[in-house]
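The next block is run11.txt, given as compact mmCIF, C-alpha atoms.
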# COMPACT_ATOMS: atom_id res chain seq x y z
CA MET U 43 5.14 14.19 -28.70
CA THR U 44 2.62 15.32 -26.11
CA SER U 45 4.37 15.43 -22.76
CA ARG U 46 3.42 13.08 -19.98
CA ILE U 47 2.25 15.92 -17.75
CA GLU U 48 -0.10 17.36 -20.37
CA VAL U 49 -1.67 13.98 -21.02
CA THR U 50 -2.09 13.30 -17.30
CA GLU U 51 -3.72 16.70 -16.84
CA LYS U 52 -6.18 15.98 -19.63
CA ILE U 53 -7.06 12.62 -18.10
CA LEU U 54 -7.54 14.20 -14.66
CA SER U 55 -9.69 16.96 -16.04
CA SER U 56 -12.09 14.59 -17.81
CA ASN U 57 -12.08 12.42 -14.69
CA ASP U 58 -13.11 15.41 -12.58
CA GLU U 59 -15.95 16.21 -14.95
CA LEU U 60 -17.28 12.69 -14.69
CA ALA U 61 -16.84 12.78 -10.90
CA LEU U 62 -19.22 15.75 -10.83
CA ILE U 63 -21.77 13.75 -12.81
CA ASN U 64 -21.42 10.86 -10.33
CA ARG U 65 -21.88 13.34 -7.50
CA LYS U 66 -25.08 14.68 -9.03
CA TYR U 67 -26.35 11.12 -9.49
CA LEU U 68 -25.83 10.50 -5.76
CA ASP U 69 -27.34 13.88 -4.81
CA ASP U 70 -30.44 13.20 -6.90
CA ALA U 71 -30.89 9.85 -5.15
CA ASN U 72 -30.25 11.54 -1.76
CA VAL U 73 -27.48 9.04 -1.10
CA PHE U 74 -24.36 10.17 0.80
CA GLY U 75 -21.18 8.74 -0.72
CA VAL U 76 -17.95 8.00 1.13
CA ASN U 77 -14.63 6.95 -0.36
CA ILE U 78 -12.56 4.77 1.99
CA MET U 79 -8.83 4.63 1.36
CA ALA U 80 -6.03 2.73 3.12
CA SER U 81 -2.93 0.60 2.72
CA PRO U 82 -3.46 -3.00 1.60
CA GLY U 83 -4.61 -4.99 4.60
CA ALA U 84 -5.54 -2.08 6.86
CA GLY U 85 -8.85 -3.84 7.48
CA LYS U 86 -11.21 -1.74 5.37
CA THR U 87 -13.60 -4.57 4.52
CA THR U 88 -13.89 -5.82 8.09
CA PHE U 89 -14.38 -2.24 9.25
CA ILE U 90 -17.22 -1.77 6.73
CA ILE U 91 -18.93 -5.02 7.69
CA LYS U 92 -18.65 -4.23 11.41
CA THR U 93 -20.05 -0.76 10.71
CA LEU U 94 -23.21 -2.49 9.48
CA GLU U 95 -23.55 -4.21 12.86
CA SER U 96 -22.88 -1.02 14.82
CA LEU U 97 -25.43 0.91 12.76
CA GLY U 98 -28.12 -1.54 13.86
CA GLY U 99 -30.37 -0.66 10.95
CA ARG U 100 -30.13 3.12 11.44
CA LEU U 101 -28.74 3.58 7.91
CA LYS U 102 -29.16 1.45 4.80
CA PHE U 103 -25.96 1.25 2.81
CA GLY U 104 -24.39 -0.47 -0.16
CA VAL U 105 -20.73 -0.92 -1.07
CA ILE U 106 -18.61 -0.73 -4.17
CA GLU U 107 -15.41 -2.71 -3.74
CA GLY U 108 -12.29 -1.77 -5.71
CA ASP U 109 -9.47 -4.26 -6.16
CA LEU U 110 -6.96 -5.07 -8.86
CA ALA U 111 -8.33 -8.61 -8.97
CA SER U 112 -10.72 -11.02 -7.22
CA SER U 113 -14.23 -10.64 -5.81
CA ILE U 114 -13.17 -11.51 -2.26
CA ASP U 115 -14.35 -8.24 -0.73
CA SER U 116 -17.71 -8.00 -2.46
CA ASP U 117 -18.34 -11.67 -1.64
CA LYS U 118 -17.67 -10.91 2.04
CA ALA U 119 -19.96 -7.87 1.97
CA LYS U 120 -22.77 -9.80 0.27
CA ALA U 121 -22.40 -12.65 2.77
CA ALA U 122 -22.96 -10.01 5.48
CA GLY U 123 -26.15 -8.90 3.73
CA ILE U 124 -24.77 -5.70 2.18
CA PRO U 125 -25.66 -4.91 -1.46
CA ALA U 126 -22.24 -4.98 -3.14
CA VAL U 127 -20.62 -4.44 -6.52
CA GLN U 128 -17.02 -5.40 -7.33
CA ILE U 129 -14.76 -3.33 -9.55
CA ASN U 130 -11.58 -5.01 -10.79
CA THR U 131 -9.13 -2.37 -11.97
CA GLY U 132 -6.72 -4.75 -13.69
CA GLY U 133 -3.39 -3.00 -13.26
CA GLU U 134 -4.65 0.36 -11.98
CA CYS U 135 -3.69 1.37 -8.43
CA HIS U 136 -6.86 3.40 -7.81
CA LEU U 137 -10.52 3.77 -8.72
CA ASP U 138 -11.54 6.59 -11.01
CA ALA U 139 -14.80 8.30 -11.88
CA VAL U 140 -15.38 6.16 -15.00
CA MET U 141 -15.15 2.95 -12.99
CA LEU U 142 -17.52 4.32 -10.36
CA ASP U 143 -19.97 5.48 -13.02
CA GLY U 144 -20.29 1.92 -14.24
CA ALA U 145 -20.60 0.34 -10.82
CA ILE U 146 -22.98 2.86 -9.27
CA LYS U 147 -25.67 2.01 -11.80
CA SER U 148 -25.69 -1.62 -10.70
CA LEU U 149 -26.98 -0.60 -7.27
CA ASP U 150 -30.58 0.35 -6.48
CA LEU U 151 -29.86 3.71 -4.86
CA SER U 152 -33.52 4.22 -3.99
CA MET U 153 -33.01 1.58 -1.29
CA LEU U 154 -29.94 3.29 0.23
CA ASP U 155 -29.04 6.21 2.51
CA LEU U 156 -25.31 5.72 2.15
CA LEU U 157 -22.86 4.38 -0.44
CA ILE U 158 -19.49 3.22 0.81
CA VAL U 159 -16.76 2.88 -1.81
CA GLU U 160 -13.77 0.83 -0.75
CA ASN U 161 -10.90 2.01 -2.91
CA VAL U 162 -7.87 -0.07 -3.96
CA GLY U 163 -5.47 -0.67 -1.07
CA ASN U 164 -2.87 2.01 -1.75
CA LEU U 165 -1.62 5.07 0.15
CA VAL U 166 -0.55 7.00 -2.94
CA CYS U 167 -2.76 6.79 -6.02
CA PRO U 168 -6.44 6.86 -4.89
CA ILE U 169 -6.29 10.30 -3.30
CA ASN U 170 -5.38 11.82 -6.68
CA PHE U 171 -8.60 10.71 -8.38
CA LYS U 172 -11.97 12.21 -7.51
CA ILE U 173 -14.77 9.70 -7.96
CA GLY U 174 -17.79 11.80 -6.98
CA THR U 175 -18.34 10.81 -3.35
CA HIS U 176 -18.97 13.43 -0.64
CA MET U 177 -16.35 12.47 1.90
CA ASN U 178 -12.89 10.87 1.96
CA ILE U 179 -11.99 8.56 4.83
CA LEU U 180 -8.54 7.14 5.56
CA VAL U 181 -8.15 3.95 7.56
CA ALA U 182 -4.73 3.72 9.24
CA SER U 183 -4.04 0.46 11.05
CA ILE U 184 -1.76 0.17 14.08
CA PRO U 185 0.59 -2.53 12.66
CA GLU U 186 1.50 -0.24 9.73
CA GLY U 187 3.49 1.85 12.19
CA ASP U 188 3.38 5.40 13.52
CA ASP U 189 5.45 7.02 10.75
CA LYS U 190 2.92 6.78 7.93
CA PRO U 191 1.70 10.43 8.05
CA TYR U 192 5.31 11.54 7.59
CA LYS U 193 5.87 9.19 4.65
CA TYR U 194 2.50 9.50 2.86
CA PRO U 195 1.47 13.11 3.48
CA GLY U 196 -0.88 13.31 0.49
CA ALA U 197 -3.14 10.59 1.82
CA TYR U 198 -3.44 12.26 5.21
CA ARG U 199 -3.94 15.73 3.76
CA GLY U 200 -6.75 14.79 1.43
CA VAL U 201 -9.28 13.26 3.83
CA GLU U 202 -12.09 14.52 6.07
CA VAL U 203 -12.08 11.61 8.52
CA LEU U 204 -9.35 9.37 9.92
CA ILE U 205 -10.02 5.91 11.35
CA ILE U 206 -7.19 4.53 13.47
CA SER U 207 -7.94 0.82 13.34
CA LYS U 208 -6.72 -2.45 14.87
CA ILE U 209 -6.03 -0.84 18.24
CA ASP U 210 -6.35 -4.33 19.75
CA LEU U 211 -2.81 -4.86 18.37
CA LEU U 212 -1.30 -1.92 20.31
CA PRO U 213 0.19 -4.20 23.00
CA TYR U 214 2.05 -6.25 20.38
CA VAL U 215 3.61 -3.71 18.03
CA PRO U 216 5.72 -0.57 18.47
CA PHE U 217 3.41 2.41 17.89
CA ASN U 218 3.76 5.84 19.46
CA MET U 219 0.28 7.36 19.24
CA GLU U 220 1.50 10.83 20.17
CA TYR U 221 4.10 10.82 17.37
CA PHE U 222 1.52 9.53 14.88
CA LYS U 223 -1.09 12.14 15.83
CA LYS U 224 1.52 14.92 15.75
CA GLY U 225 2.30 13.99 12.16
CA VAL U 226 -1.39 14.01 11.24
CA GLU U 227 -2.05 17.35 12.96
CA VAL U 228 0.61 19.12 10.89
CA LEU U 229 -0.91 17.85 7.64
CA ASN U 230 -4.58 18.08 8.50
CA PRO U 231 -5.27 20.20 11.61
CA GLY U 232 -8.33 19.19 13.61
CA LEU U 233 -9.01 16.12 11.46
CA ILE U 234 -12.01 14.18 12.79
CA THR U 235 -10.54 10.95 14.14
CA PHE U 236 -11.95 7.70 15.50
CA VAL U 237 -9.77 5.20 17.32
CA LEU U 238 -11.22 1.71 17.20
CA SER U 239 -10.95 -2.02 16.71
CA ALA U 240 -13.39 -3.65 14.31
CA LYS U 241 -12.31 -6.99 15.78
CA THR U 242 -13.17 -6.30 19.43
CA GLY U 243 -15.79 -3.63 18.67
CA GLU U 244 -14.05 -1.02 20.83
CA GLY U 245 -14.84 2.46 19.55
CA MET U 246 -17.24 1.24 16.83
CA ASN U 247 -20.34 2.76 18.45
CA LEU U 248 -18.87 6.25 18.64
CA TRP U 249 -18.03 6.04 14.94
CA ALA U 250 -21.44 4.65 13.96
CA ASP U 251 -23.30 7.30 15.99
CA TRP U 252 -21.28 10.05 14.33
CA LEU U 253 -21.91 8.57 10.87
CA VAL U 254 -25.67 8.40 11.45
CA ASP U 255 -25.74 12.08 12.45
CA LYS U 256 -23.51 13.08 9.53
CA VAL U 257 -25.55 11.25 6.89
CA ASN U 258 -28.93 12.29 8.28
CA ALA U 259 -27.87 15.95 8.51
CA TRP U 260 -26.63 15.85 4.92
CA ARG U 261 -29.80 14.13 3.65
CA GLU U 262 -31.99 16.75 5.30
CA ARG U 263 -29.98 19.60 3.80
CA ASN U 264 -29.62 17.98 0.34
CA MET J 79 -2.93 13.98 -29.06
CA THR J 80 -0.54 11.17 -28.20
CA SER J 81 -2.48 8.49 -26.34
CA ARG J 82 -1.76 7.71 -22.73
CA ILE J 83 -0.63 4.18 -23.56
CA GLU J 84 1.89 5.31 -26.16
CA VAL J 85 3.40 7.83 -23.77
CA THR J 86 3.58 5.28 -20.96
CA GLU J 87 5.27 2.80 -23.27
CA LYS J 88 7.89 5.35 -24.26
CA ILE J 89 8.56 6.18 -20.62
CA LEU J 90 8.86 2.49 -19.73
CA SER J 91 11.18 1.79 -22.61
CA SER J 92 13.61 4.58 -21.69
CA ASN J 93 13.35 3.46 -18.06
CA ASP J 94 14.31 -0.08 -19.06
CA GLU J 95 17.34 1.21 -20.97
CA LEU J 96 18.54 3.13 -17.94
CA ALA J 97 17.87 0.11 -15.71
CA LEU J 98 20.33 -1.85 -17.87
CA ILE J 99 22.93 0.87 -17.34
CA ASN J 100 22.33 0.72 -13.57
CA ARG J 101 22.69 -3.05 -13.75
CA LYS J 102 26.03 -2.77 -15.53
CA TYR J 103 27.21 -0.23 -12.95
CA LEU J 104 26.45 -2.76 -10.18
CA ASP J 105 27.99 -5.63 -12.18
CA ASP J 106 31.19 -3.67 -12.74
CA ALA J 107 31.43 -2.98 -9.00
CA ASN J 108 30.63 -6.66 -8.26
CA VAL J 109 27.75 -5.56 -6.06
CA PHE J 110 24.57 -7.66 -5.98
CA GLY J 111 21.45 -5.48 -5.98
CA VAL J 112 18.08 -6.38 -4.47
CA ASN J 113 14.82 -4.48 -4.76
CA ILE J 114 12.55 -4.91 -1.74
CA MET J 115 8.87 -4.21 -2.23
CA ALA J 116 5.90 -4.33 0.15
CA SER J 117 2.76 -2.61 1.40
CA PRO J 118 3.25 0.49 3.54
CA GLY J 119 4.16 -0.65 7.03
CA ALA J 120 5.03 -4.26 6.21
CA GLY J 121 8.24 -3.74 8.17
CA LYS J 122 10.79 -3.47 5.36
CA THR J 123 13.14 -1.13 7.21
CA THR J 124 13.17 -3.17 10.42
CA PHE J 125 13.70 -6.31 8.35
CA ILE J 126 16.70 -4.71 6.60
CA ILE J 127 18.25 -3.49 9.85
CA LYS J 128 17.77 -6.89 11.51
CA THR J 129 19.31 -8.53 8.45
CA LEU J 130 22.49 -6.59 9.25
CA GLU J 131 22.56 -8.19 12.71
CA SER J 132 21.88 -11.67 11.38
CA LEU J 133 24.60 -11.32 8.75
CA GLY J 134 27.13 -10.74 11.52
CA GLY J 135 29.60 -9.09 9.16
CA ARG J 136 29.45 -11.79 6.49
CA LEU J 137 28.30 -9.28 3.85
CA LYS J 138 28.84 -5.53 3.64
CA PHE J 139 25.74 -3.77 2.37
CA GLY J 140 24.33 -0.32 1.79
CA VAL J 141 20.72 0.79 1.35
CA ILE J 142 18.80 3.16 -0.86
CA GLU J 143 15.51 4.15 0.76
CA GLY J 144 12.56 5.20 -1.38
CA ASP J 145 9.69 7.18 0.11
CA LEU J 146 7.32 9.87 -1.08
CA ALA J 147 8.59 12.10 1.72
CA SER J 148 10.79 12.15 4.85
CA SER J 149 14.21 10.72 5.63
CA ILE J 150 12.91 8.50 8.45
CA ASP J 151 14.09 5.24 6.90
CA SER J 152 17.57 6.35 5.85
CA ASP J 153 18.04 7.96 9.28
CA LYS J 154 17.17 4.62 10.91
CA ALA J 155 19.55 2.73 8.62
CA LYS J 156 22.39 5.19 9.26
CA ALA J 157 21.77 4.99 13.02
CA ALA J 158 22.25 1.22 12.67
CA GLY J 159 25.56 1.80 10.91
CA ILE J 160 24.40 1.08 7.36
CA PRO J 161 25.53 3.41 4.54
CA ALA J 162 22.23 4.88 3.35
CA VAL J 163 20.83 7.24 0.73
CA GLN J 164 17.28 8.58 0.76
CA ILE J 165 15.20 9.10 -2.37
CA ASN J 166 12.05 11.21 -2.02
CA THR J 167 9.77 10.56 -4.97
CA GLY J 168 7.40 13.46 -4.32
CA GLY J 169 4.11 12.14 -5.61
CA GLU J 170 5.39 9.04 -7.39
CA CYS J 171 4.24 5.65 -6.06
CA HIS J 172 7.43 3.81 -7.07
CA LEU J 173 11.14 4.17 -7.69
CA ASP J 174 12.39 4.21 -11.26
CA ALA J 175 15.76 3.74 -12.93
CA VAL J 176 16.46 7.49 -13.13
CA MET J 177 15.99 7.90 -9.40
CA LEU J 178 18.25 4.91 -8.71
CA ASP J 179 20.90 6.21 -11.10
CA GLY J 180 21.16 9.37 -9.03
CA ALA J 181 21.22 7.65 -5.66
CA ILE J 182 23.58 4.82 -6.55
CA LYS J 183 26.38 7.25 -7.28
CA SER J 184 26.21 8.64 -3.75
CA LEU J 185 27.34 5.28 -2.35
CA ASP J 186 30.90 3.97 -2.39
CA LEU J 187 30.19 0.63 -4.07
CA SER J 188 33.82 -0.47 -3.70
CA MET J 189 33.06 -0.94 0.00
CA LEU J 190 29.97 -3.11 -0.58
CA ASP J 191 29.01 -6.68 -1.52
CA LEU J 192 25.29 -5.99 -1.60
CA LEU J 193 22.97 -3.06 -2.29
CA ILE J 194 19.49 -3.22 -0.80
CA VAL J 195 16.93 -0.88 -2.34
CA GLU J 196 13.80 -0.34 -0.26
CA ASN J 197 11.11 0.69 -2.70
CA VAL J 198 8.10 2.90 -1.90
CA GLY J 199 5.50 1.09 0.20
CA ASN J 200 3.03 0.03 -2.47
CA LEU J 201 1.76 -3.32 -3.79
CA VAL J 202 0.94 -2.07 -7.28
CA CYS J 203 3.33 0.41 -8.88
CA PRO J 204 6.93 -0.62 -7.99
CA ILE J 205 6.80 -4.01 -9.73
CA ASN J 206 6.14 -2.27 -13.06
CA PHE J 207 9.43 -0.34 -13.04
CA LYS J 208 12.78 -2.05 -13.47
CA ILE J 209 15.52 -0.22 -11.60
CA GLY J 210 18.54 -2.38 -12.47
CA THR J 211 18.83 -4.63 -9.41
CA HIS J 212 19.38 -8.39 -9.76
CA MET J 213 16.57 -9.72 -7.60
CA ASN J 214 13.06 -8.66 -6.52
CA ILE J 215 11.92 -9.46 -2.99
CA LEU J 216 8.40 -9.04 -1.64
CA VAL J 217 7.79 -8.63 2.08
CA ALA J 218 4.26 -9.71 3.09
CA SER J 219 3.35 -9.08 6.71
CA ILE J 220 0.89 -11.20 8.67
CA PRO J 221 -1.46 -8.36 9.76
CA GLU J 222 -2.11 -7.46 6.09
CA GLY J 223 -4.18 -10.62 5.84
CA ASP J 224 -4.04 -13.86 3.90
CA ASP J 225 -5.90 -12.63 0.79
CA LYS J 226 -3.20 -10.35 -0.60
CA PRO J 227 -1.88 -12.75 -3.32
CA TYR J 228 -5.41 -12.97 -4.71
CA LYS J 229 -5.88 -9.18 -4.70
CA TYR J 230 -2.40 -8.07 -5.85
CA PRO J 231 -1.30 -10.82 -8.23
CA GLY J 232 1.24 -8.66 -10.08
CA ALA J 233 3.34 -8.09 -6.98
CA TYR J 234 3.48 -11.80 -6.19
CA ARG J 235 4.16 -12.82 -9.78
CA GLY J 236 7.09 -10.50 -10.27
CA VAL J 237 9.43 -11.51 -7.45
CA GLU J 238 12.12 -14.13 -6.90
CA VAL J 239 11.89 -14.24 -3.10
CA LEU J 240 9.00 -13.88 -0.64
CA ILE J 241 9.48 -12.87 2.98
CA ILE J 242 6.47 -13.60 5.20
CA SER J 243 7.12 -11.21 8.09
CA LYS J 244 5.72 -10.34 11.51
CA ILE J 245 4.87 -13.96 12.29
CA ASP J 246 4.99 -13.00 15.98
CA LEU J 247 1.53 -11.49 15.33
CA LEU J 248 0.00 -14.80 14.13
CA PRO J 249 -1.74 -15.44 17.49
CA TYR J 250 -3.50 -12.06 17.36
CA VAL J 251 -4.84 -11.74 13.82
CA PRO J 252 -6.86 -13.98 11.50
CA PHE J 253 -4.44 -15.43 8.95
CA ASN J 254 -4.78 -18.78 7.20
CA MET J 255 -1.24 -19.65 6.10
CA GLU J 256 -2.42 -22.51 3.87
CA TYR J 257 -4.84 -20.23 1.98
CA PHE J 258 -2.14 -17.55 1.62
CA LYS J 259 0.48 -19.99 0.32
CA LYS J 260 -2.03 -21.57 -2.07
CA GLY J 261 -2.61 -18.15 -3.61
CA VAL J 262 1.12 -17.56 -3.96
CA GLU J 263 1.78 -21.00 -5.47
CA VAL J 264 -0.69 -20.40 -8.31
CA LEU J 265 0.98 -17.10 -9.22
CA ASN J 266 4.60 -18.02 -8.65
CA PRO J 267 5.15 -21.80 -8.34
CA GLY J 268 8.06 -22.82 -6.14
CA LEU J 269 8.79 -19.26 -5.01
CA ILE J 270 11.64 -19.18 -2.49
CA THR J 271 9.97 -18.21 0.79
CA PHE J 272 11.20 -17.28 4.27
CA VAL J 273 8.83 -17.11 7.22
CA LEU J 274 10.19 -14.89 9.97
CA SER J 275 9.83 -12.19 12.57
CA ALA J 276 12.36 -9.37 12.52
CA LYS J 277 11.10 -8.42 15.99
CA THR J 278 11.74 -11.75 17.75
CA GLY J 279 14.50 -12.88 15.37
CA GLU J 280 12.69 -16.14 14.54
CA GLY J 281 13.68 -17.30 11.06
CA MET J 282 16.20 -14.49 10.49
CA ASN J 283 19.24 -16.79 10.50
CA LEU J 284 17.88 -19.07 7.77
CA TRP J 285 17.25 -16.00 5.61
CA ALA J 286 20.67 -14.47 6.30
CA ASP J 287 22.49 -17.75 5.59
CA TRP J 288 20.65 -18.10 2.29
CA LEU J 289 21.45 -14.49 1.36
CA VAL J 290 25.16 -14.96 2.06
CA ASP J 291 25.27 -18.03 -0.20
CA LYS J 292 23.27 -16.28 -2.92
CA VAL J 293 25.41 -13.13 -2.98
CA ASN J 294 28.72 -14.98 -2.74
CA ALA J 295 27.77 -17.38 -5.53
CA TRP J 296 26.76 -14.47 -7.75
CA ARG J 297 29.92 -12.49 -7.00
CA GLU J 298 32.11 -15.48 -7.89
CA ARG J 299 30.27 -16.00 -11.18
CA ASN J 300 30.07 -12.29 -12.05
Turn this file's structure into structure tokens for me.
Amino acid sequence: MTSRIEVTEKILSSNDELALINRKYLDDANVFGVNIMASPGAGKTTFIIKTLESLGGRLKFGVIEGDLASSIDSDKAKAAGIPAVQINTGGECHLDAVMLDGAIKSLDLSMLDLLIVENVGNLVCPINFKIGTHMNILVASIPEGDDKPYKYPGAYRGVEVLIISKIDLLPYVPFNMEYFKKGVEVLNPGLITFVLSAKTGEGMNLWADWLVDKVNAWRERN
Amino acid sequence: MTSRIEVTEKILSSNDELALINRKYLDDANVFGVNIMASPGAGKTTFIIKTLESLGGRLKFGVIEGDLASSIDSDKAKAAGIPAVQINTGGECHLDAVMLDGAIKSLDLSMLDLLIVENVGNLVCPINFKIGTHMNILVASIPEGDDKPYKYPGAYRGVEVLIISKIDLLPYVPFNMEYFKKGVEVLNPGLITFVLSAKTGEGMNLWADWLVDKVNAWRERN
């Protein structure tokens, strides 16, 4: 019997190959791809929709929404005027490069500067599967508590940007920001971090301005 | 090459066999076992510690804490006077029967009426692995949002009790309780549900009273 580890390695390796093909597909279209990960209910979809508002037309983007079931998130994105494709993973706790390959071709990339992929809500599985995007973002919401970097180190280690969201809830929940940030710093020193509330809009402009610069710089270099 | 599905099935089958052995071990000790699942940061640990207070000595319980990393949760439980064992899963997104088998033997079951297992914070993986406990509980926290039953149907289908937690945050976040409960009802009709806040204590007594009756009835029958 082939061992579990060998099989998993083979699956990962063919996933990585397909991720590279997805990456080239985005590069050729000059579209910057981001992969947003978070716990269930961290507010990824609201954050994405509010990012559209804060961008004020400076970037055109589309989204690919990953969920086990339902089209709730892509329906929300479409209602906000964002081109959106839904992936339902069935039982899988993460997106993979095959799923993205299918979804990406349903979007007209020639109309976009940026592709935002909202991964399945999960702090463990998604970070282990490359999908072909250029940047990993983790959304950590205040009500999840300040101990998450200590408990889910892989998620915090594997990202280039951290969004600390729902800061409007800080007065109502126990959350020690210093303790949280200390945990992050050990895992991912100097991680680019935005502290914001998609609900009140606080901090959204700083994030949107940074994103515009990041995507434009990449598109010029690409 | 053995296919991924075949290998997974073999792993699940041997897991299920060991889960039955764990179950017998609990039965023989006359200890009722519960498996608590939730998203990361739903407040499982606080809920467990506040359950101790609400029980007021009516049941003696111990906990097994499952996390990818850290001993934060078992440290908290021990500080509250609860016998506690920590399992670190490394990269795994769930507990399994092998992990429980190891941990369960570190507790003196002769001193306990109830064993509470706090699974890894994850709405996808844990429900797929039996560990040998008698009852599955899902903790759903208000700030996660009202769409979770629609997005994570497996988690809601596979439990016998639902705890809707952090209701003290209802004034501060968008959450349509009717929409949430409608989603649950479709997946798991008549699911026993407690609506509470471990922080303010609201609803904790109803839950604790029910738990005492449940455990005592089981122990008499066992």
Close residues, J:Val109 itself excluded, 8 Å, only C-alpha atoms, min 5 positions apart in chain, as a ChimeraX atom specification
/J:104,187,190-193,297
Writer output for current selection, C-alpha atoms, as a PDB file, in the coordinates of the input:
ATOM      1  CA  LEU J 104      26.450  -2.760 -10.180  1.00  0.00           C
ATOM      2  CA  LEU J 187      30.190   0.630  -4.070  1.00  0.00           C
ATOM      3  CA  LEU J 190      29.970  -3.110  -0.580  1.00  0.00           C
ATOM      4  CA  ASP J 191      29.010  -6.680  -1.520  1.00  0.00           C
ATOM      5  CA  LEU J 192      25.290  -5.990  -1.600  1.00  0.00           C
ATOM      6  CA  LEU J 193      22.970  -3.060  -2.290  1.00  0.00           C
ATOM      7  CA  ARG J 297      29.920 -12.490  -7.000  1.00  0.00           C
TER       8      ARG J 297
END
Residues of chain J within 8 Å of chain U, using only C-alpha atoms, as a VMD selection string?
chain J and resid 79 to 82 85 to 86 117 to 121 145 to 148 150 169 to 171 200 to 203 221 to 223 225 to 226 228 to 232 247 250
Of J:Lys122, J:Arg299, J:Lys292, J:Lys156, the one nearest to J:Val195 when counting all atoms listed in the file is J:Lys122
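Note that atom CA of U:Glu107 and atom CA of U:Ala122 are 14.0 Å apart.
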Nearest residue to J:Leu216 out of J:Glu256, J:Val273, J:Ala175, J:Met282, using only C-alpha atoms?
J:Val273
One decimal, Å: what's the distance from atom CA of J:Lys259 over to atom CA of J:Ala218, could you say?
11.3 Å
Measure the distance from atom CA of U:Pro213 to atom CA of J:Pro249 in Å and round it to one decimal.
12.7 Å
J:Ser132 surroundings by only C-alpha atoms, 8 Å radius, close-in-sequence under 3 positions cut, as a PyMOL selection string:
chain J and resi 128-129+282-283+286
Could you give me, as a list in words, the residues within 7 Å of U:Leu229, counting all atoms listed in the file and dropping anything in the same chain fewer than 3 positions from it?
Pro195, Tyr198, Arg199, Gly225 and Val226 of chain U
J:Asp106: which residues within 10 Å, counting all atoms listed in the file, same-chain residues fewer than 5 positions away excluded, as a list in words?
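The residues that qualify are Asn100, Arg101, Leu187, Ser188 and Asn300 of chain J.
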Name all residues at most 8 Å from U:Ala126 (count only C-alpha atoms; drop same-chain ones fewer than 6 positions away) and give them as a VMD selection string.
chain U and resid 104 to 107 116 to 117 119 to 120 149
Which residue, U:Met141, U:Lys102, U:Asp251, U:Gln128, has the smallest gap to U:Phe74 when you use all atoms listed in the file?
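Among U:Met141, U:Lys102, U:Asp251, U:Gln128, it is U:Lys102 that comes nearest to U:Phe74.
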